[in-house]
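Q: Got a structure here, written out as structure tokens. Questions coming.
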Number of protein chains: 2
Amino acid sequence: MLYGNVIVGQSGGPTAAINASLAGVIRGTIENWSIGTVYGALNGIEGILEERFCNLSEIFADKSKLDLLENTPSSALGSCRMKLPPVPEQGHNDETYDKLFAIFKKYNIRYFLYIGGNDSMDTVAKLSAYAKTTDYKIRVVGIPKTIDNDVAGTDHTPGYGSAAKYIAVSMQEILRDCSVYTVKAVTIVEIMGRDAGWLTAAAALPRLICGCAPDYVYLPERVFDFDKFYSDIDEAFKKHSNVVIAVSEGLRTADGRYVGESAQSGVSDVFGHKYLSGTGKALEAAVKERFGCKVRSVELNILQRCASHIASRTDIAEAVEVGKAAMLEATKGATGKMMTLVRTSSDPYVCVPGSEDIDKIANFVRAVPDEFINEEGNNVTDACLKYILPLIEGETAQKYEHGLPVHMVIEKS
Amino acid sequence: MLYGNVIVGQSGGPTAAINASLAGVIRGTIENWSIGTVYGALNGIEGILEERFCNLSEIFADKSKLDLLENTPSSALGSCRMKLPPVPEQGHNDETYDKLFAIFKKYNIRYFLYIGGNDSMDTVAKLSAYAKTTDYKIRVVGIPKTIDNDVAGTDHTPGYGSAAKYIAVSMQEILRDCSVYTVKAVTIVEIMGRDAGWLTAAAALPRLICGCAPDYVYLPERVFDFDKFYSDIDEAFKKHSNVVIAVSEGLRTADGRYVGESAQSGVSDVFGHKYLSGTGKALEAAVKERFGCKVRSVELNILQRCASHIASRTDIAEAVEVGKAAMLEATKGATGKMMTLVRTSSDPYVCVPGSEDIDKIANFVRAVPDEFINEEGNNVTDACLKYILPLIEGETAQKYEHGLPVHMVIEKS
């Protein structure tokens, strides 16, 4: 048994489930006799270097607050985008690592748990590699979270299910909204995901359940071709007057340029203001010019990652479980690992926490595989939707007061 | 007693509550012995002229379907934007009115109920005025719906509460999301409302309940001044690094031009595409240029009016009650009326259906009054928030299947 204190941090973009993993870590320290105090690093590794901690053992002495934390979006501890320098070779020194480990010693930190996406797993990989070169005993474990679902080595990432649910529910509501008029119209919904189309794929989920769906779904895994896009819309108009399309923000044309890029390159108005337009806006303009019909673009934007009120119960439950498992595995001796989710059965859906060596995982991006994209490259397959569907199952017990969600706030000043 | 059939239609932009009013109308015909068949006009007055009806009495013979309808966003009967021609003077003819009344006679329609916003109340006013010039007995009643809350003669409009709740909840979640980083950043949230700031005002609701709120709220009722805007942001940065601002899409500068207009006037990229940028995008560019910090704009877009999954229970309940009351009042003899909501008590909140002469209401726009806007013109008062708060109270019993909402769909073909 390694006795000592824990520090847990959050890093990268916030999600609706990252606090659930934090709650899971804290739950994993309850009646865990190896653990003294659980510190929260404010603003991730950046905050550790400034010794900005909070005492989570005290804050969550009342365990009912953990339920609230699990239904609070965004990173309750704050986040950062800091990347650690390369691990110095044995016998060499690096100021940042020296400082970090001095602080670990000062607070008797024996467990470092870091919740984040691909960049954060890089931090976990470096810290655990560095730890091996020192004689200070510390266990370093990463807990994945990202709405992008692009982390390797895991069936899916905590945070993805809730974002996918928000996207699928919003798409279903947008489809209802778009069906009311008889005039020809195209609605383009832009969804997050620069390199992987997992989130955009979720827009097609209503197809499996209620029979309604966007006409097309374009992922960044396929080259975007304007001519094919126009002929797709022509085809859709033969069937109905209201065409709805889901596009990933990361769509690129054959020359490798982002579709939204043209709109970002030096366009300025009479005041000299430069306007940033995303993929949706660029396609809106293109379709308007080509078809002359009513066109609208909708950018789902940051609500995709913070809309806790429509979080997936499955996702939140798994995020808690993975956080808890990380703490328990670390107590048993795990280090240099990232926690994973292992789907042991598809029907019925069964998923359990696992772990993988961090070196095998960090800095890889997992794209949507070929068998999940249709031949024409303008939609996803049913196999893809069946993979996603169990991840959005169930609704959380979000608490409301006077019509507004009740969140758990940790003061960061 | 006037015996006969009912036709009910929906018109204008969809909302999360317009189907609840439709359900209310149908509920008002149950055990109502004046009523034969309830027809639904597909695509409003446009569909009546083409005799495109559905038989709502048959579709909702199973009353449990009404519960589903009440939690279905958008206009289940479809909508239209058609405006009736001016009412012909006594003794003169008009083809459209002749045709409409011939169809009413053919189907023995004695009750015409129309659910819609300001434009739809114009239709109600004209039809009831025309009816007076004929000897065909028909009762014409309007049921207001609009997320904009800008209809005169009523405390508020069905549909507003749900949109306000979506905006307030989303704003609270965005505030959580924006608080995670330590770098200076401005987030601008663009909210619907071209002429009235009711929706944008709702963004400040979290202030009353959880203490967090956007730094500023700019409504179209006040002239927008860029210099004041910049100095407001300067002030906010003195307090914290993450500034969040809610703006109405309808903001105008002193010269009467929309803030988003500059971005819409002839900006085009290398392909000659013209880009439409809204108020949020225009302000994003302006703030980026002025402050050089991270800036993001979020347009809440059509989800404001169709996000049934986070509808207000109060709003949905009132929408049903108003629809039901419209049917019952019409049966008792009312015609040429618009149903209203009358707040008979503020604490506790009590609201009952009422009605007003349609002539007093149609074609007026109700703006946010002066006492609801602060002196600086950059926020709303607590009095304003106390007016809105009861309207977002409570959550609906949205049914889910496999993680997605269950909606009631009326086939329109």
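How things are named: the first chain in the structure tokens is A, the next is B, and so on; residues count from 1 in each chain; ligands count from 1 in the order shown.
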Any idea what's packed within 6 Å of region 106-118 of chain B, counting only C-alpha atoms, ignoring anything in its chain fewer than 3 positions away? Could you give it as a list in words?

A: Gly4, Asn5, Val6, Ile7, Val8, Gly9, Gln10, Ser11, Gly12, Ile103, Met121, Ile138, Arg139, Val140, Val141, Gly142, Ile143, Pro144, Lys145, Thr146 and Asn363 of chain B

Q: Go through region 258-378 of chain A and collect every residue that DSSP, computed from the backbone, puts in strand (DSSP E or B); the answer should be as a ChimeraX atom specification.

A: /A:258,268,274,294-299,312,337-346,349-357,365,373

Q: I'd like the interatomic distance between CA of Phe101 (chain B) and CA of Ile48 (chain B), to a tenth of an Å.

A: 10.1 Å

Q: What is the distance between CA of Glu395 (chain A) and CA of Leu68 (chain B), in Å to one decimal?

A: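 Result for CA of Glu395 (chain A) versus CA of Leu68 (chain B): 17.8 Å, one decimal.
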
Q: Interatomic distance between CA of Val223 (chain B) and CA of Glu376 (chain B)?

A: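 Between CA of Val223 (chain B) and CA of Glu376 (chain B) the gap is 11.1 Å.
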
Q: Using only C-alpha atoms, which residue out of A:Val180, A:Leu49, A:Ala23, A:Ala41 lies closest to Ser64 (chain A)?

A: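 Among the listed residues, A:Ala23 lies closest to Ser64 (chain A).
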
Q: Go through A:Cys212, A:Leu303, A:Phe229, A:Gly354 one by one, measure the shortest atom-to-atom distance of each to Ala326 (chain A) using only C-alpha atoms, and give the residue with the smallest value.

A: A:Gly354

Q: Can you work out which one of A:Tyr136, A:Phe104, A:Tyr181, A:Phe364 has the shortest atom-to-atom distance to chain B, counting only C-alpha atoms?

A: A:Tyr181

Q: Could you pull out the residues in region 150-219 of chain A that DSSP calls alpha helix (DSSP H) from the backbone, as a count of residues only?

A: 27

Q: With only C-alpha atoms as the atoms that count, which of B:Leu66, B:Ala76, B:Leu251, B:Ile147 lies nearest to chain A?

A: B:Ala76

Q: Compare A:Gly292, A:Pro85, A:Gly24, A:Gly394 by their minimum atom-to-atom distance to chain B, counting only C-alpha atoms, and give me the closest one.

A: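 Once distances to chain B are computed over only C-alpha atoms, the minimum belongs to A:Gly394.
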